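Colleague: File start_2.cif below, mmCIF, C-alpha atoms:
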data_data
loop_
_atom_site.label_atom_id
_atom_site.label_comp_id
_atom_site.auth_asym_id
_atom_site.auth_seq_id
_atom_site.Cartn_x
_atom_site.Cartn_y
_atom_site.Cartn_z
CA MET A 1 83.91 -97.92 -114.42
CA THR A 2 85.32 -101.29 -113.38
CA ILE A 3 88.30 -102.50 -115.36
CA ASN A 4 86.27 -105.38 -116.83
CA HIS A 5 83.80 -102.86 -118.27
CA ARG A 6 86.56 -100.91 -120.01
CA PRO A 7 86.88 -101.20 -123.80
CA ILE A 8 89.53 -102.97 -125.84
CA GLY A 9 91.64 -100.63 -127.96
CA VAL A 10 92.30 -101.68 -131.56
CA PHE A 11 94.46 -99.82 -134.06
CA ASP A 12 95.68 -100.02 -137.64
CA SER A 13 96.93 -97.67 -140.33
CA GLY A 14 93.48 -97.60 -141.97
CA VAL A 15 90.52 -99.85 -142.79
CA GLY A 16 92.50 -103.10 -142.70
CA GLY A 17 92.04 -103.46 -138.96
CA LEU A 18 88.30 -103.73 -139.56
CA THR A 19 88.99 -107.41 -140.32
CA VAL A 20 90.09 -107.73 -136.69
CA LEU A 21 87.14 -105.65 -135.50
CA SER A 22 84.75 -107.97 -137.35
CA GLU A 23 86.31 -110.96 -135.60
CA LEU A 24 85.98 -109.22 -132.23
CA TYR A 25 82.29 -108.70 -132.93
CA ARG A 26 81.96 -112.38 -133.86
CA GLN A 27 84.06 -114.01 -131.13
CA LEU A 28 83.75 -111.50 -128.27
CA PRO A 29 80.38 -109.79 -128.77
CA GLN A 30 80.17 -108.60 -125.15
CA GLU A 31 83.30 -106.46 -125.40
CA SER A 32 83.30 -102.71 -126.06
CA ILE A 33 85.82 -101.47 -128.63
CA ILE A 34 87.71 -98.29 -129.44
CA TYR A 35 89.09 -98.40 -133.00
CA PHE A 36 91.80 -96.03 -134.24
CA GLY A 37 92.98 -95.73 -137.84
CA ASP A 38 96.13 -93.72 -138.53
CA THR A 39 94.81 -92.73 -141.94
CA ALA A 40 96.82 -89.52 -142.17
CA ARG A 41 100.06 -91.52 -142.28
CA LEU A 42 99.19 -94.68 -144.21
CA PRO A 43 100.54 -96.79 -145.77
CA TYR A 44 102.84 -98.01 -143.01
CA GLY A 45 104.48 -100.69 -145.14
CA THR A 46 107.01 -98.37 -146.76
CA ARG A 47 107.93 -96.50 -143.55
CA SER A 48 111.17 -96.89 -141.63
CA PRO A 49 111.27 -98.85 -138.34
CA GLU A 50 111.98 -95.62 -136.46
CA GLU A 51 108.87 -93.96 -137.88
CA ILE A 52 106.66 -96.95 -137.10
CA ILE A 53 107.90 -97.17 -133.52
CA GLN A 54 107.15 -93.49 -132.94
CA PHE A 55 103.71 -93.76 -134.57
CA VAL A 56 102.83 -96.75 -132.39
CA ARG A 57 104.07 -94.99 -129.27
CA GLU A 58 101.81 -92.01 -130.00
CA ILE A 59 98.79 -94.19 -130.82
CA ILE A 60 98.99 -96.42 -127.77
CA THR A 61 99.54 -93.40 -125.52
CA TRP A 62 96.27 -91.94 -126.85
CA ILE A 63 94.47 -95.29 -126.57
CA GLU A 64 95.57 -95.72 -122.95
CA GLN A 65 94.20 -92.25 -122.20
CA GLN A 66 90.79 -93.62 -123.23
CA GLN A 67 90.93 -96.03 -120.27
CA VAL A 68 91.16 -99.34 -122.11
CA LYS A 69 91.89 -102.70 -120.51
CA MET A 70 93.82 -104.20 -123.44
CA VAL A 71 95.31 -103.14 -126.79
CA VAL A 72 95.20 -105.22 -129.97
CA MET A 73 97.67 -104.28 -132.71
CA ALA A 74 95.52 -104.82 -135.80
CA CYS A 75 98.55 -103.98 -137.92
CA ASN A 76 101.23 -106.51 -138.82
CA THR A 77 103.79 -103.83 -139.68
CA SER A 78 103.43 -102.29 -136.22
CA ASN A 79 103.67 -105.74 -134.66
CA ALA A 80 106.78 -106.65 -136.65
CA LEU A 81 108.68 -103.42 -136.09
CA ALA A 82 107.41 -101.90 -132.84
CA LEU A 83 105.84 -104.38 -130.42
CA GLU A 84 109.09 -105.53 -128.83
CA ALA A 85 110.50 -102.00 -128.77
CA ILE A 86 107.58 -100.34 -126.97
CA SER A 87 105.86 -103.07 -124.95
CA ASP A 88 107.70 -102.28 -121.71
CA GLU A 89 106.67 -98.61 -121.94
CA PHE A 90 103.00 -99.42 -121.30
CA SER A 91 101.20 -101.06 -118.41
CA THR A 92 98.22 -102.19 -120.53
CA PRO A 93 98.50 -105.69 -122.09
CA ILE A 94 99.31 -105.42 -125.82
CA LEU A 95 98.59 -108.29 -128.20
CA GLY A 96 100.06 -108.68 -131.68
CA LEU A 97 98.95 -110.69 -134.69
CA ILE A 98 102.14 -112.43 -135.75
CA LEU A 99 102.67 -115.09 -133.08
CA PRO A 100 99.04 -116.38 -133.07
CA ALA A 101 99.05 -116.50 -136.88
CA ALA A 102 102.45 -118.20 -137.02
CA ARG A 103 101.25 -120.93 -134.66
CA ALA A 104 98.13 -121.45 -136.75
CA ALA A 105 100.14 -121.64 -139.98
CA VAL A 106 102.62 -124.28 -138.84
CA ALA A 107 99.77 -126.34 -137.40
CA VAL A 108 98.42 -126.90 -140.92
CA GLY A 109 101.39 -126.54 -143.29
CA LYS A 110 105.09 -127.08 -143.85
CA ARG A 111 105.58 -124.86 -146.93
CA VAL A 112 104.22 -121.48 -145.93
CA GLY A 113 103.92 -118.35 -148.03
CA VAL A 114 103.43 -114.95 -146.44
CA ILE A 115 102.18 -111.89 -148.29
CA ALA A 116 102.82 -108.72 -146.31
CA THR A 117 103.81 -105.08 -146.53
CA PRO A 118 107.43 -104.52 -147.59
CA ALA A 119 108.33 -103.51 -144.03
CA THR A 120 106.82 -106.65 -142.49
CA ALA A 121 108.39 -108.91 -145.12
CA ALA A 122 111.82 -107.30 -144.66
CA SER A 123 111.61 -107.74 -140.89
CA GLN A 124 111.45 -111.55 -141.27
CA ALA A 125 109.09 -111.52 -138.28
CA TYR A 126 106.80 -114.22 -139.62
CA ARG A 127 109.63 -116.54 -140.62
CA GLN A 128 111.28 -116.16 -137.22
CA ALA A 129 108.03 -116.77 -135.35
CA MET A 130 107.22 -119.90 -137.37
CA ILE A 131 110.69 -121.38 -137.10
CA GLU A 132 110.58 -120.88 -133.32
CA VAL A 133 107.40 -122.98 -133.25
CA ASP A 134 108.54 -125.56 -135.83
CA PRO A 135 112.18 -125.51 -137.03
CA THR A 136 111.31 -127.79 -139.97
CA VAL A 137 108.88 -125.35 -141.62
CA GLN A 138 109.88 -123.56 -144.84
CA VAL A 139 108.73 -119.96 -145.22
CA TRP A 140 108.71 -117.61 -148.20
CA GLN A 141 107.69 -113.96 -147.84
CA VAL A 142 106.67 -111.46 -150.50
CA GLY A 143 106.31 -107.73 -149.96
CA CYS A 144 103.18 -106.30 -151.61
CA PRO A 145 103.48 -102.49 -151.69
CA GLU A 146 100.46 -101.86 -153.91
CA PHE A 147 97.83 -103.81 -151.96
CA VAL A 148 97.11 -101.34 -149.14
CA PRO A 149 96.72 -98.28 -151.40
CA LEU A 150 94.42 -100.25 -153.73
CA ILE A 151 92.27 -101.43 -150.82
CA GLU A 152 92.11 -97.98 -149.23
CA GLN A 153 90.99 -96.62 -152.63
CA ASN A 154 88.27 -99.33 -152.76
CA ARG A 155 89.71 -100.77 -156.00
CA ILE A 156 89.30 -104.40 -154.94
CA ASN A 157 87.36 -105.43 -158.06
CA ASP A 158 89.58 -103.46 -160.42
CA PRO A 159 91.19 -105.71 -163.11
CA TYR A 160 94.51 -104.06 -162.26
CA THR A 161 94.24 -105.36 -158.68
CA TYR A 162 93.80 -108.89 -160.02
CA GLU A 163 96.97 -108.57 -162.10
CA VAL A 164 98.93 -107.15 -159.17
CA ALA A 165 97.79 -110.04 -156.98
CA ARG A 166 98.84 -112.54 -159.64
CA SER A 167 102.33 -111.03 -159.79
CA TYR A 168 102.74 -111.14 -156.00
CA LEU A 169 101.50 -114.73 -155.66
CA GLN A 170 103.45 -116.19 -158.58
CA PRO A 171 106.80 -116.65 -156.76
CA LEU A 172 105.01 -118.33 -153.86
CA LEU A 173 103.09 -120.68 -156.12
CA GLN A 174 106.36 -121.60 -157.82
CA GLN A 175 107.53 -122.86 -154.40
CA ASN A 176 104.48 -125.15 -154.15
CA ILE A 177 103.27 -123.59 -150.91
CA ASP A 178 100.61 -125.48 -148.97
CA THR A 179 99.65 -122.53 -146.74
CA LEU A 180 99.27 -118.78 -147.32
CA VAL A 181 99.28 -116.22 -144.51
CA TYR A 182 97.67 -112.82 -144.93
CA GLY A 183 100.50 -110.90 -143.29
CA CYS A 184 98.58 -107.61 -143.33
CA THR A 185 95.11 -107.04 -141.90
CA HIS A 186 94.06 -105.30 -145.12
CA TYR A 187 94.59 -108.44 -147.19
CA PRO A 188 91.53 -110.47 -146.11
CA LEU A 189 89.55 -107.73 -147.86
CA LEU A 190 91.13 -109.12 -151.08
CA ASP A 191 90.18 -112.69 -150.22
CA SER A 192 87.81 -113.12 -153.17
CA VAL A 193 90.56 -112.04 -155.59
CA ILE A 194 93.36 -114.05 -154.00
CA ARG A 195 91.41 -117.30 -153.77
CA GLN A 196 90.80 -117.22 -157.52
CA LEU A 197 94.57 -117.42 -157.98
CA LEU A 198 95.31 -120.15 -155.40
CA PRO A 199 94.99 -123.91 -155.81
CA LYS A 200 92.11 -125.17 -153.68
CA SER A 201 94.59 -127.27 -151.69
CA VAL A 202 96.32 -124.18 -150.24
CA GLN A 203 95.21 -123.36 -146.68
CA VAL A 204 94.65 -119.64 -146.03
CA ILE A 205 95.44 -118.17 -142.60
CA ASN A 206 93.70 -114.95 -141.59
CA PRO A 207 95.62 -113.64 -138.54
CA ALA A 208 92.56 -111.69 -137.38
CA VAL A 209 90.81 -114.91 -136.43
CA HIS A 210 93.73 -116.08 -134.33
CA VAL A 211 94.65 -112.81 -132.59
CA VAL A 212 91.03 -112.46 -131.43
CA LYS A 213 91.06 -116.02 -130.15
CA ALA A 214 94.25 -115.12 -128.24
CA THR A 215 92.55 -111.97 -126.96
CA GLY A 216 89.73 -114.04 -125.50
CA GLN A 217 92.23 -116.35 -123.83
CA GLU A 218 94.10 -113.36 -122.37
CA LEU A 219 90.88 -111.83 -121.05
CA ASP A 220 90.06 -115.12 -119.34
CA LEU A 221 93.56 -115.43 -117.93
CA LEU A 222 93.42 -111.93 -116.46
CA GLY A 223 89.78 -112.17 -115.40
CA LEU A 224 88.85 -109.19 -117.58
CA ARG A 225 85.82 -110.44 -119.53
CA ASN A 226 83.02 -107.89 -119.71
CA ALA A 227 79.81 -109.10 -118.05
CA TYR A 228 77.75 -106.06 -119.10
CA ALA A 229 76.17 -105.01 -122.39
CA PRO A 230 78.83 -103.55 -124.69
CA LYS A 231 78.91 -99.88 -125.58
CA PRO A 232 78.78 -98.76 -129.24
CA THR A 233 82.17 -98.92 -130.93
CA ARG A 234 84.07 -95.63 -130.94
CA PHE A 235 86.01 -94.81 -134.10
CA GLY A 236 88.85 -92.31 -134.34
CA VAL A 237 91.15 -91.45 -137.23
CA SER A 238 94.09 -89.14 -137.72
CA GLY A 239 92.98 -88.25 -141.26
CA SER A 240 89.57 -87.46 -142.76
CA PRO A 241 86.60 -88.89 -140.81
CA GLN A 242 84.42 -88.60 -143.91
CA GLN A 243 86.79 -90.66 -146.05
CA PHE A 244 87.04 -93.36 -143.39
CA THR A 245 83.25 -93.48 -143.04
CA THR A 246 82.83 -93.94 -146.79
CA ARG A 247 85.55 -96.59 -147.09
CA SER A 248 84.50 -98.58 -144.05
CA LEU A 249 80.75 -98.67 -144.68
CA CYS A 250 80.82 -101.70 -146.99
CA TRP A 251 83.02 -103.68 -144.57
CA LEU A 252 81.14 -102.82 -141.40
CA GLY A 253 77.60 -103.04 -142.73
CA TYR A 254 76.66 -99.85 -140.89
CA THR A 255 77.67 -96.18 -140.96
CA PRO A 256 80.18 -95.51 -138.18
CA LEU A 257 80.40 -92.25 -136.27
CA VAL A 258 84.03 -91.24 -136.69
CA GLU A 259 85.91 -88.58 -134.75
CA GLN A 260 89.12 -86.85 -135.73
CA VAL A 261 92.00 -87.51 -133.34
CA TYR A 262 95.04 -85.30 -133.07
CA LEU A 263 97.94 -87.36 -131.77
CA SER A 264 100.57 -85.63 -129.68
CA PRO A 265 104.28 -86.36 -130.10
CA VAL A 266 105.49 -88.55 -127.23
CA PRO A 267 109.19 -88.35 -126.36
CA VAL A 268 110.63 -91.70 -125.38
CA SER A 269 111.65 -90.43 -121.95
CA ASN A 270 108.07 -89.34 -121.19
CA ALA A 271 106.20 -92.36 -122.50
CA ARG A 272 106.72 -94.69 -119.58
CA GLU A 273 105.88 -92.11 -116.91
CA CYS A 274 102.71 -90.94 -118.73
CA ASN A 275 101.45 -94.44 -119.16
CA LYS A 276 102.13 -95.37 -115.52
CA GLU A 277 99.88 -92.46 -114.59
CA ASN A 278 97.15 -93.69 -116.97
CA ALA A 279 97.29 -97.16 -115.42
CA THR A 280 96.53 -95.82 -111.96
CA MET A 281 93.58 -93.65 -112.99
#
The structure in this file should be written as C-alpha cells.

Modeller:
Amino acid sequence: MTINHRPIGVFDSGVGGLTVLSELYRQLPQESIIYFGDTARLPYGTRSPEEIIQFVREIITWIEQQQVKMVVMACNTSNALALEAISDEFSTPILGLILPAARAAVAVGKRVGVIATPATAASQAYRQAMIEVDPTVQVWQVGCPEFVPLIEQNRINDPYTYEVARSYLQPLLQQNIDTLVYGCTHYPLLDSVIRQLLPKSVQVINPAVHVVKATGQELDLLGLRNAYAPKPTRFGVSGSPQQFTTRSLCWLGYTPLVEQVYLSPVPVSNARECNKENATM
C-alpha cells in the first residue's frame, strides 16, 4: 500500500468525533478513515491532564499500528491537554481542532464565547490560541460537564438537556458574545437545542469544519491525497461495540461495523521507539 492510499486515523472519547467524520466525508470523500472511540473511559472532560496524556499516547500508538498517514484529534480535551506533550513521540502528522477553530472564530467575532468540557475550559487553550491570532479579542469559556453524558445517552431532545444548555449559555449571553465556539466535538450534536437559545446575530463555529479544511491543506502540502477509491470506514471502540453502533446510527445514517479494541499501556520511554518502527514499516 502506498502512503497516499493509507487511511486517516480519527479519534474521540465517543460519538462526538462523528461530527468530524461527517465533515471528512463531505470535504474529503476520497479518503479512507479509521475511527476510534475510547468509550470505555469517557467522559474525558473530568479527567486529569496526566490521564488524558496517557490515554492519547495509547490511542495514537494503536492508530499508528494500523498504518495511517495522518491522525486527526477529534477531541478538544485531548488537543488541549495532550497534543503538545505527545506530538514529538510520533512520526505521523497529528492535527488538532483548537487552532483552526480559533482562527475561524477571531475572523468573524471580537467577543467570543466557548463552551467546552471542564478540562478544556480550565486549560485556557482556546483563549490562548485566539489571543495569539488577535490580541484584541475577548474570550469567555464555560465548562459544561453534563453535555457529553447527555449526548452519549441520546437525551438530546430531553427537556432537561434544554434547561442545562440554558444554564451554561446564560453567563456567555450576559457578556453579549457575538461568536460561540463548540469547544467539544460532541456539541454540534446539540446544535438544534443551542440555536434556540442564541440570538440570531451570534455566529456559531463548529471546529470540525475547520480541522477538516486544515487536514485537506496538510494532505496537499505533504502530497498525500488519495487518488484511489476509498475503503469502507473502520470503527473501533474500547467499550461496547453494540452500544456504539446503536448511538452512532442516527448520526451516521448507516449501521457501522464496530470492532472492540484492547489498548495496551504504553510507557513513555517506549512510545517514541515503537512509533519510529511503525513509521518505517

Colleague: Which of these residues is nearest to Val258 of chain A, using only C-alpha atoms: A:Ile3, A:Ala116, A:Met70, A:Ile34?

Modeller: A:Ile34

Colleague: So which one's closest to Ala214 of chain A, A:Ser87, A:Thr120, A:Asn157, A:Gln27? Using all atoms listed in the file, please.

Modeller: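 Comparing A:Ser87, A:Thr120, A:Asn157, A:Gln27 against Ala214 of chain A, the winner is A:Gln27.
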
Colleague: What are the closest atom pairs, with distances in Å to one decimal, for all residues of segment 17-49 of chain A lying within 12 Å of segment 178-191 of chain A? Consider all atoms listed in the file, order rows by chain and residue number, and present the result as a Markdown table.

Modeller:
| residue | atom | partner | partner_atom | distance |
| --- | --- | --- | --- | --- |
| A:Gly17 | CA | A:Thr185 | CA | 5.6 |
| A:Leu18 | CA | A:Thr185 | CA | 7.9 |
| A:Thr19 | CA | A:Thr185 | CA | 6.3 |
| A:Val20 | CA | A:Thr185 | CA | 7.3 |
| A:Leu21 | CA | A:Thr185 | CA | 10.3 |
| A:Ser22 | CA | A:Thr185 | CA | 11.4 |
| A:Glu23 | CA | A:Thr185 | CA | 11.5 |
| A:Leu42 | CA | A:His186 | CA | 11.8 |
| A:Pro43 | CA | A:His186 | CA | 10.7 |
| A:Tyr44 | CA | A:Cys184 | CA | 10.5 |
| A:Gly45 | CA | A:Cys184 | CA | 9.3 |

Colleague: Contacts of Ala122 of chain A at 10 Å or less, counting all atoms listed in the file, minus same-chain residues fewer than 3 places along, as a VMD selection string?

Modeller: chain A and resid 45 80 to 81 116 to 119 125 to 126 141 to 143

Colleague: Using all atoms listed in the file for the distances, tell me which of A:Thr77, A:Thr92, A:Asn176, A:Gln217 is nearest to Ala121 of chain A.

Modeller: A:Thr77

Colleague: Might you spell out which residues the PyMOL selection byres ((chain A and resi 226-233) around 9) would select in the displayed file, as a PyMOL selection string?

Modeller: chain A and resi 3-7+29-35+219+224-225+234-235+256-257

Colleague: Generate a file for segment 123-135 of chain A, containing all heavy atoms, as an mmCIF file, in the first residue's frame.

Modeller:
data_model
loop_
_atom_site.group_PDB
_atom_site.id
_atom_site.type_symbol
_atom_site.label_atom_id
_atom_site.label_comp_id
_atom_site.auth_asym_id
_atom_site.auth_seq_id
_atom_site.Cartn_x
_atom_site.Cartn_y
_atom_site.Cartn_z
ATOM 1 N N SER A 123 -8.056 24.550 30.834
ATOM 2 C CA SER A 123 -6.740 24.641 30.195
ATOM 3 C C SER A 123 -6.485 26.009 29.575
ATOM 4 O O SER A 123 -5.335 26.349 29.280
ATOM 5 C CB SER A 123 -6.616 23.578 29.096
ATOM 6 O OG SER A 123 -7.361 23.942 27.942
ATOM 7 N N GLN A 124 -7.557 26.769 29.318
ATOM 8 C CA GLN A 124 -7.446 28.079 28.656
ATOM 9 C C GLN A 124 -6.893 27.976 27.236
ATOM 10 O O GLN A 124 -6.412 28.965 26.658
ATOM 11 C CB GLN A 124 -6.568 29.044 29.479
ATOM 12 C CG GLN A 124 -7.066 29.302 30.890
ATOM 13 C CD GLN A 124 -8.357 30.104 30.919
ATOM 14 O OE1 GLN A 124 -8.517 31.049 30.153
ATOM 15 N NE2 GLN A 124 -9.268 29.716 31.791
ATOM 16 N N ALA A 125 -6.949 26.783 26.655
ATOM 17 C CA ALA A 125 -6.331 26.571 25.344
ATOM 18 C C ALA A 125 -6.978 27.421 24.259
ATOM 19 O O ALA A 125 -6.281 27.984 23.398
ATOM 20 C CB ALA A 125 -6.398 25.090 24.968
ATOM 21 N N TYR A 126 -8.285 27.541 24.280
ATOM 22 C CA TYR A 126 -8.946 28.352 23.250
ATOM 23 C C TYR A 126 -8.617 29.824 23.412
ATOM 24 O O TYR A 126 -8.338 30.519 22.429
ATOM 25 C CB TYR A 126 -10.460 28.126 23.282
ATOM 26 C CG TYR A 126 -10.910 27.049 22.332
ATOM 27 C CD1 TYR A 126 -11.228 25.774 22.802
ATOM 28 C CD2 TYR A 126 -10.990 27.279 20.966
ATOM 29 C CE1 TYR A 126 -11.626 24.770 21.923
ATOM 30 C CE2 TYR A 126 -11.389 26.288 20.085
ATOM 31 C CZ TYR A 126 -11.706 25.037 20.566
ATOM 32 O OH TYR A 126 -12.085 24.052 19.686
ATOM 33 N N ARG A 127 -8.662 30.319 24.634
ATOM 34 C CA ARG A 127 -8.340 31.732 24.853
ATOM 35 C C ARG A 127 -6.916 32.034 24.378
ATOM 36 O O ARG A 127 -6.676 33.026 23.687
ATOM 37 C CB ARG A 127 -8.490 32.098 26.326
ATOM 38 C CG ARG A 127 -8.010 33.531 26.628
ATOM 39 C CD ARG A 127 -8.140 33.919 28.091
ATOM 40 N NE ARG A 127 -9.516 34.295 28.398
ATOM 41 C CZ ARG A 127 -10.290 33.676 29.284
ATOM 42 N NH1 ARG A 127 -9.823 32.625 29.938
ATOM 43 N NH2 ARG A 127 -11.507 34.085 29.517
ATOM 44 N N GLN A 128 -5.980 31.185 24.751
ATOM 45 C CA GLN A 128 -4.587 31.413 24.368
ATOM 46 C C GLN A 128 -4.422 31.400 22.850
ATOM 47 O O GLN A 128 -3.718 32.243 22.278
ATOM 48 C CB GLN A 128 -3.694 30.356 25.023
ATOM 49 C CG GLN A 128 -3.593 30.498 26.539
ATOM 50 C CD GLN A 128 -2.967 29.290 27.198
ATOM 51 O OE1 GLN A 128 -2.482 28.378 26.536
ATOM 52 N NE2 GLN A 128 -2.984 29.267 28.525
ATOM 53 N N ALA A 129 -5.082 30.436 22.195
ATOM 54 C CA ALA A 129 -4.952 30.341 20.737
ATOM 55 C C ALA A 129 -5.547 31.561 20.048
ATOM 56 O O ALA A 129 -4.973 32.094 19.087
ATOM 57 C CB ALA A 129 -5.637 29.071 20.244
ATOM 58 N N MET A 130 -6.676 32.049 20.543
ATOM 59 C CA MET A 130 -7.309 33.212 19.915
ATOM 60 C C MET A 130 -6.509 34.488 20.142
ATOM 61 O O MET A 130 -6.360 35.307 19.227
ATOM 62 C CB MET A 130 -8.737 33.380 20.447
ATOM 63 C CG MET A 130 -9.692 32.312 19.976
ATOM 64 S SD MET A 130 -11.368 32.641 20.533
ATOM 65 C CE MET A 130 -12.004 30.976 20.644
ATOM 66 N N ILE A 131 -6.007 34.644 21.348
ATOM 67 C CA ILE A 131 -5.239 35.857 21.646
ATOM 68 C C ILE A 131 -3.936 35.890 20.849
ATOM 69 O O ILE A 131 -3.462 36.957 20.455
ATOM 70 C CB ILE A 131 -4.987 35.967 23.164
ATOM 71 C CG1 ILE A 131 -6.314 36.288 23.868
ATOM 72 C CG2 ILE A 131 -3.933 37.015 23.485
ATOM 73 C CD1 ILE A 131 -6.235 36.294 25.371
ATOM 74 N N GLU A 132 -3.364 34.715 20.577
ATOM 75 C CA GLU A 132 -2.164 34.672 19.732
ATOM 76 C C GLU A 132 -2.470 35.156 18.318
ATOM 77 O O GLU A 132 -1.637 35.787 17.675
ATOM 78 C CB GLU A 132 -1.611 33.250 19.690
ATOM 79 C CG GLU A 132 -0.863 32.853 20.964
ATOM 80 C CD GLU A 132 -0.311 31.448 20.884
ATOM 81 O OE1 GLU A 132 -0.264 30.891 19.760
ATOM 82 O OE2 GLU A 132 0.064 30.897 21.931
ATOM 83 N N VAL A 133 -3.677 34.861 17.841
ATOM 84 C CA VAL A 133 -4.077 35.295 16.496
ATOM 85 C C VAL A 133 -4.480 36.759 16.490
ATOM 86 O O VAL A 133 -4.132 37.523 15.583
ATOM 87 C CB VAL A 133 -5.233 34.414 15.969
ATOM 88 C CG1 VAL A 133 -5.695 34.904 14.592
ATOM 89 C CG2 VAL A 133 -4.807 32.951 15.891
ATOM 90 N N ASP A 134 -5.247 37.172 17.522
ATOM 91 C CA ASP A 134 -5.745 38.548 17.613
ATOM 92 C C ASP A 134 -5.751 38.978 19.078
ATOM 93 O O ASP A 134 -6.657 38.613 19.830
ATOM 94 C CB ASP A 134 -7.152 38.640 17.025
ATOM 95 C CG ASP A 134 -7.706 40.063 17.062
ATOM 96 O OD1 ASP A 134 -7.053 40.951 17.631
ATOM 97 O OD2 ASP A 134 -8.813 40.270 16.530
ATOM 98 N N PRO A 135 -4.757 39.749 19.506
ATOM 99 C CA PRO A 135 -4.660 40.149 20.918
ATOM 100 C C PRO A 135 -5.826 41.008 21.404
ATOM 101 O O PRO A 135 -6.003 41.163 22.615
ATOM 102 C CB PRO A 135 -3.346 40.943 20.969
ATOM 103 C CG PRO A 135 -2.578 40.503 19.771
ATOM 104 C CD PRO A 135 -3.596 40.213 18.723
#
